[in-house]
file structure_9.pdb (PDB, C-alpha atoms)
ATOM      1  CA  MET A1223     -27.431 -29.722  16.224
ATOM      2  CA  GLY A1224     -24.413 -30.132  18.521
ATOM      3  CA  ALA A1225     -23.030 -27.657  21.007
ATOM      4  CA  ILE A1226     -22.969 -24.013  19.980
ATOM      5  CA  PRO A1227     -19.406 -23.051  18.968
ATOM      6  CA  SER A1228     -17.736 -20.516  21.240
ATOM      7  CA  PRO A1229     -18.179 -16.900  20.068
ATOM      8  CA  LYS A1230     -14.826 -16.693  18.233
ATOM      9  CA  ASP A1231     -15.447 -20.028  16.464
ATOM     10  CA  GLN A1232     -18.754 -19.072  14.855
ATOM     11  CA  TRP A1233     -18.551 -18.488  11.097
ATOM     12  CA  TYR A1234     -21.543 -17.703   8.895
ATOM     13  CA  VAL A1235     -22.237 -17.435   5.190
ATOM     14  CA  ILE A1236     -24.006 -14.177   4.348
ATOM     15  CA  HIS A1237     -25.911 -13.721   1.086
ATOM     16  CA  VAL A1238     -25.228 -10.284  -0.404
ATOM     17  CA  ARG A1239     -26.155  -8.502  -3.617
ATOM     18  CA  SER A1240     -24.040  -9.865  -6.426
ATOM     19  CA  GLY A1241     -21.153  -7.560  -7.233
ATOM     20  CA  MET A1242     -21.347  -5.855  -3.821
ATOM     21  CA  GLU A1243     -19.232  -8.377  -1.868
ATOM     22  CA  GLN A1244     -16.242  -6.005  -1.439
ATOM     23  CA  ARG A1245     -18.426  -3.020  -0.636
ATOM     24  CA  VAL A1246     -20.349  -4.956   2.031
ATOM     25  CA  ARG A1247     -17.071  -6.181   3.571
ATOM     26  CA  ASP A1248     -15.524  -2.687   3.567
ATOM     27  CA  ASN A1249     -18.715  -1.156   4.985
ATOM     28  CA  MET A1250     -18.827  -3.751   7.801
ATOM     29  CA  ASN A1251     -15.145  -3.220   8.600
ATOM     30  CA  ARG A1252     -15.683   0.559   8.851
ATOM     31  CA  ARG A1253     -18.748   0.087  11.056
ATOM     32  CA  ILE A1254     -16.940  -2.381  13.351
ATOM     33  CA  GLN A1255     -14.722   0.569  14.334
ATOM     34  CA  SER A1256     -17.319   3.360  14.420
ATOM     35  CA  GLU A1257     -19.979   1.303  16.246
ATOM     36  CA  GLU A1258     -17.487  -0.459  18.544
ATOM     37  CA  MET A1259     -18.551  -3.927  17.379
ATOM     38  CA  GLY A1260     -15.087  -5.511  17.723
ATOM     39  CA  ASP A1261     -16.327  -7.819  20.513
ATOM     40  CA  PHE A1262     -19.070  -9.190  18.236
ATOM     41  CA  VAL A1263     -17.728  -9.092  14.667
ATOM     42  CA  TYR A1264     -14.220 -10.516  14.332
ATOM     43  CA  GLN A1265     -13.548 -11.007  10.645
ATOM     44  CA  VAL A1266     -15.373 -10.475   7.350
ATOM     45  CA  LEU A1267     -13.986 -12.185   4.233
ATOM     46  CA  VAL A1268     -14.621 -12.242   0.522
ATOM     47  CA  PRO A1269     -12.662 -15.398  -0.404
ATOM     48  CA  MET A1270     -10.772 -14.653  -3.648
ATOM     49  CA  GLU A1271      -8.054 -15.995  -5.883
ATOM     50  CA  ARG A1272      -5.787 -14.271  -8.413
ATOM     51  CA  VAL A1273      -6.445 -15.383 -11.972
ATOM     52  CA  SER A1274      -4.482 -14.679 -15.113
ATOM     53  CA  GLU A1275      -5.702 -14.611 -18.668
ATOM     54  CA  VAL A1276      -4.623 -13.273 -22.020
ATOM     55  CA  LYS A1277      -6.725 -10.436 -23.403
ATOM     56  CA  LYS A1278      -5.816  -8.951 -26.785
ATOM     57  CA  GLY A1279      -2.373 -10.520 -26.575
ATOM     58  CA  LYS A1280      -1.586  -9.094 -23.126
ATOM     59  CA  LYS A1281      -1.383 -11.104 -19.914
ATOM     60  CA  THR A1282      -3.686  -9.629 -17.276
ATOM     61  CA  GLU A1283      -4.351 -10.579 -13.670
ATOM     62  CA  SER A1284      -7.548 -10.040 -11.737
ATOM     63  CA  ASN A1285      -9.312 -11.252  -8.605
ATOM     64  CA  ARG A1286     -12.069 -13.854  -8.857
ATOM     65  CA  LYS A1287     -14.469 -14.599  -6.013
ATOM     66  CA  PHE A1288     -14.820 -18.201  -4.838
ATOM     67  CA  PHE A1289     -18.498 -17.644  -4.001
ATOM     68  CA  PRO A1290     -20.036 -14.782  -6.001
ATOM     69  CA  GLY A1291     -22.947 -13.287  -4.053
ATOM     70  CA  TYR A1292     -21.663 -14.468  -0.669
ATOM     71  CA  ILE A1293     -19.238 -13.392   2.025
ATOM     72  CA  ILE A1294     -18.193 -15.306   5.126
ATOM     73  CA  ALA A1295     -17.952 -13.728   8.546
ATOM     74  CA  ASN A1296     -16.654 -14.695  11.972
ATOM     75  CA  LEU A1297     -19.372 -13.339  14.301
ATOM     76  CA  TYR A1298     -20.632 -13.763  17.829
ATOM     77  CA  LEU A1299     -24.212 -14.378  16.715
ATOM     78  CA  LEU A1300     -25.528 -17.225  18.882
ATOM     79  CA  ASP A1301     -25.179 -17.287  22.658
ATOM     80  CA  GLU A1302     -24.625 -20.500  24.628
ATOM     81  CA  ASN A1303     -28.426 -21.034  24.730
ATOM     82  CA  ASN A1304     -28.683 -20.875  20.924
ATOM     83  CA  ARG A1305     -30.363 -17.457  21.069
ATOM     84  CA  LEU A1306     -29.527 -14.704  18.601
ATOM     85  CA  VAL A1307     -27.278 -11.933  19.859
ATOM     86  CA  ASP A1308     -29.490  -9.019  18.729
ATOM     87  CA  LYS A1309     -26.663  -6.510  18.469
ATOM     88  CA  THR A1310     -24.794  -8.702  15.952
ATOM     89  CA  TRP A1311     -27.950  -9.769  14.095
ATOM     90  CA  TYR A1312     -29.004  -6.155  13.456
ATOM     91  CA  PHE A1313     -25.463  -5.055  12.658
ATOM     92  CA  VAL A1314     -25.311  -7.608   9.816
ATOM     93  CA  ARG A1315     -28.928  -7.270   8.633
ATOM     94  CA  GLU A1316     -28.743  -3.462   8.483
ATOM     95  CA  THR A1317     -25.600  -3.430   6.357
ATOM     96  CA  ASP A1318     -26.385  -2.063   2.904
ATOM     97  CA  GLY A1319     -26.168  -4.864   0.325
ATOM     98  CA  VAL A1320     -26.832  -7.732   2.764
ATOM     99  CA  LEU A1321     -29.778  -9.880   1.673
ATOM    100  CA  ASN A1322     -29.761 -12.505   4.408
ATOM    101  CA  PHE A1323     -27.875 -15.242   6.151
ATOM    102  CA  ALA A1324     -27.477 -18.283   3.909
ATOM    103  CA  GLY A1325     -29.565 -21.279   4.924
ATOM    104  CA  ASN A1326     -32.196 -20.703   7.608
ATOM    105  CA  LYS A1327     -32.707 -16.931   7.497
ATOM    106  CA  ASP A1328     -34.508 -16.689  10.843
ATOM    107  CA  GLN A1329     -32.074 -18.892  12.746
ATOM    108  CA  PRO A1330     -28.631 -18.780  11.124
ATOM    109  CA  ILE A1331     -26.575 -21.955  11.512
ATOM    110  CA  PRO A1332     -22.823 -21.649  12.023
ATOM    111  CA  MET A1333     -20.595 -23.343   9.452
ATOM    112  CA  ARG A1334     -19.018 -26.636  10.517
ATOM    113  CA  PRO A1335     -15.418 -26.224  11.715
ATOM    114  CA  ARG A1336     -14.100 -28.408   8.891
ATOM    115  CA  GLU A1337     -15.927 -26.267   6.289
ATOM    116  CA  VAL A1338     -14.396 -23.120   7.792
ATOM    117  CA  GLU A1339     -10.931 -24.669   7.871
ATOM    118  CA  ALA A1340     -11.245 -25.830   4.249
ATOM    119  CA  ILE A1341     -12.220 -22.345   3.041
ATOM    120  CA  LEU A1342      -9.539 -20.573   5.101
ATOM    121  CA  ALA A1343      -6.914 -23.060   3.866
ATOM    122  CA  GLN A1344      -8.020 -22.433   0.280
ATOM    123  CA  VAL A1345      -7.757 -18.650   0.821
ATOM    124  CA  ARG A1346      -4.252 -18.968   2.348
ATOM    125  CA  GLU A1347      -3.126 -21.355  -0.384
ATOM    126  CA  ARG A1348      -4.304 -19.100  -3.209
ATOM    127  CA  GLU A1349      -3.103 -15.819  -1.642
ATOM    128  CA  ASP A1350       0.326 -15.940  -3.226
ATOM    129  CA  SER A1351      -0.377 -17.909  -6.377
ATOM    130  CA  VAL A1352      -2.068 -16.994  -9.618
ATOM    131  CA  VAL A1353      -4.253 -19.560 -11.345
ATOM    132  CA  PRO A1354      -5.163 -19.467 -15.036
ATOM    133  CA  LYS A1355      -8.669 -18.303 -15.762
ATOM    134  CA  ILE A1356      -9.225 -20.735 -18.613
ATOM    135  CA  ALA A1357      -9.170 -24.429 -17.827
ATOM    136  CA  PHE A1358      -7.802 -26.589 -20.610
ATOM    137  CA  SER A1359      -8.390 -30.265 -21.358
ATOM    138  CA  VAL A1360      -6.221 -32.739 -23.223
ATOM    139  CA  GLY A1361      -7.296 -32.667 -26.867
ATOM    140  CA  ASP A1362      -8.383 -28.990 -26.861
ATOM    141  CA  ALA A1363      -7.545 -26.983 -29.971
ATOM    142  CA  VAL A1364      -5.570 -23.890 -28.907
ATOM    143  CA  ARG A1365      -3.814 -20.912 -30.432
ATOM    144  CA  VAL A1366      -0.449 -19.714 -29.131
ATOM    145  CA  ALA A1367      -0.854 -16.068 -28.056
ATOM    146  CA  ASP A1368       2.702 -15.314 -26.934
ATOM    147  CA  GLY A1369       6.290 -16.406 -27.533
ATOM    148  CA  PRO A1370       8.183 -17.727 -30.570
ATOM    149  CA  PHE A1371       5.214 -19.838 -31.742
ATOM    150  CA  GLU A1372       2.739 -16.945 -31.561
ATOM    151  CA  SER A1373      -0.376 -17.377 -33.744
ATOM    152  CA  GLN A1374       0.361 -21.083 -34.340
ATOM    153  CA  ASN A1375      -2.495 -23.503 -33.728
ATOM    154  CA  GLY A1376      -2.010 -26.684 -31.767
ATOM    155  CA  ILE A1377      -3.591 -29.432 -29.690
ATOM    156  CA  VAL A1378      -3.140 -29.776 -25.908
ATOM    157  CA  GLU A1379      -1.329 -33.083 -25.222
ATOM    158  CA  GLU A1380      -0.492 -32.767 -21.514
ATOM    159  CA  ILE A1381      -1.414 -30.488 -18.618
ATOM    160  CA  ASP A1382       0.794 -29.744 -15.609
ATOM    161  CA  PRO A1383      -1.423 -27.743 -13.185
ATOM    162  CA  GLU A1384       1.334 -27.611 -10.522
ATOM    163  CA  ARG A1385       3.671 -25.680 -12.821
ATOM    164  CA  GLY A1386       0.919 -23.975 -14.836
ATOM    165  CA  MET A1387       2.280 -25.529 -18.032
ATOM    166  CA  LEU A1388       0.780 -27.184 -21.092
ATOM    167  CA  ARG A1389       2.439 -29.407 -23.668
ATOM    168  CA  VAL A1390       0.965 -28.398 -27.001
ATOM    169  CA  ALA A1391       1.529 -30.190 -30.309
ATOM    170  CA  VAL A1392       2.282 -27.404 -32.802
ATOM    171  CA  ASN A1393       2.783 -27.904 -36.528
ATOM    172  CA  ILE A1394       6.293 -26.675 -37.432
ATOM    173  CA  PHE A1395       7.566 -27.146 -41.013
ATOM    174  CA  GLY A1396       4.818 -29.672 -41.628
ATOM    175  CA  ARG A1397       5.701 -31.800 -38.583
ATOM    176  CA  SER A1398       3.881 -32.058 -35.260
ATOM    177  CA  THR A1399       6.268 -30.839 -32.546
ATOM    178  CA  PRO A1400       5.541 -30.794 -28.779
ATOM    179  CA  VAL A1401       6.081 -27.361 -27.212
ATOM    180  CA  ASP A1402       5.913 -26.528 -23.473
ATOM    181  CA  LEU A1403       3.988 -23.316 -22.806
ATOM    182  CA  GLU A1404       2.602 -21.527 -19.764
ATOM    183  CA  TYR A1405      -1.199 -21.400 -19.508
ATOM    184  CA  TRP A1406      -1.291 -17.671 -20.131
ATOM    185  CA  GLN A1407       0.605 -18.042 -23.431
ATOM    186  CA  VAL A1408      -2.273 -20.016 -24.941
ATOM    187  CA  GLU A1409      -5.896 -19.265 -25.709
ATOM    188  CA  LYS A1410      -8.686 -21.542 -26.878
ATOM    189  CA  ALA A1411      -8.775 -21.727 -30.673
TER     190      ALA A1411
END
call {"tool": "encode", "arguments": {"input": "structure_9.pdb", "output": "structure tokens"}}
result
Amino acid sequence: MGAIPSPKDQWYVIHVRSGMEQRVRDNMNRRIQSEEMGDFVYQVLVPMERVSEVKKGKKTESNRKFFPGYIIANLYLLDENNRLVDKTWYFVRETDGVLNFAGNKDQPIPMRPREVEAILAQVREREDSVVPKIAFSVGDAVRVADGPFESQNGIVEEIDPERGMLRVAVNIFGRSTPVDLEYWQVEKA
């Protein structure tokens, strides 16, 4: 292992009870204030993205976790001699819902800087955009759930992930006609 990252550059993956990611994060954030841990615990994240899907003909948006069962945290956990900072270790371990540090549970290993940067970039990139929940493939049979071609069946011909669009071949008056639709307007047939 190389040099220990400086305190503010140490990020760790923490294994938590599935479904409790938000609660663990909120609990830690409250305790940072009440237990004056701001010099040891800098940031606690549940990396998420907004996803859209059609349910019963209505477009809905929700949050989806990148890593269900895990949170990432920026903590001062290892000193320059690679020894655990007890105060931080117990703060994390005693948080309700925390199972353990991912990896070596007795000697947590900080994430590599490029891993941290990749995750943070992904979080920033997805903050303002909404991605479709269902991934389509060329050749998939789909049903149009919204718009003028509602309830028509078709086949996905092209996918444009940048614009969130699909080109679907729909049968209109007995002829196959390509129609451009947004992801959320279509559901798997």
call {"tool": "residues_around", "arguments": {"input": "structure_9.pdb", "residues": "segment 1304-1316 of chain A", "least_positions_apart": "6", "cutoff": "12 Å", "atoms": "only C-alpha atoms", "output": "JSON, numbers by chain"}}
result
{"A": [1223, 1224, 1225, 1226, 1227, 1228, 1229, 1232, 1234, 1235, 1236, 1237, 1238, 1246, 1247, 1249, 1250, 1251, 1252, 1253, 1254, 1256, 1257, 1258, 1259, 1260, 1261, 1262, 1263, 1264, 1266, 1293, 1294, 1295, 1296, 1297, 1298, 1322, 1323, 1327, 1328, 1329, 1330, 1331, 1332]}
call {"tool": "atom_distance", "arguments": {"input": "structure_9.pdb", "atom1": "atom CA of Asp1382 of chain A", "atom2": "atom CA of Pro1370 of chain A"}}
result
20.6 Å
call {"tool": "resolve_selection", "arguments": {"input": "structure_9.pdb", "expression": "the PyMOL selection byres ((chain A and resi 1357) around 12)", "output": "ChimeraX atom specification"}}
result
/A:1273-1275,1353-1356,1358-1360,1362,1364,1378,1381-1383,1386-1388,1405-1406,1408-1410
call {"tool": "atom_distance", "arguments": {"input": "structure_9.pdb", "atom1": "atom CA of Glu1372 of chain A", "atom2": "atom CA of Pro1400 of chain A"}}
result
14.4 Å
call {"tool": "atom_distance", "arguments": {"input": "structure_9.pdb", "atom1": "atom CA of Trp1233 of chain A", "atom2": "atom CA of Val1338 of chain A"}}
result
7.0 Å
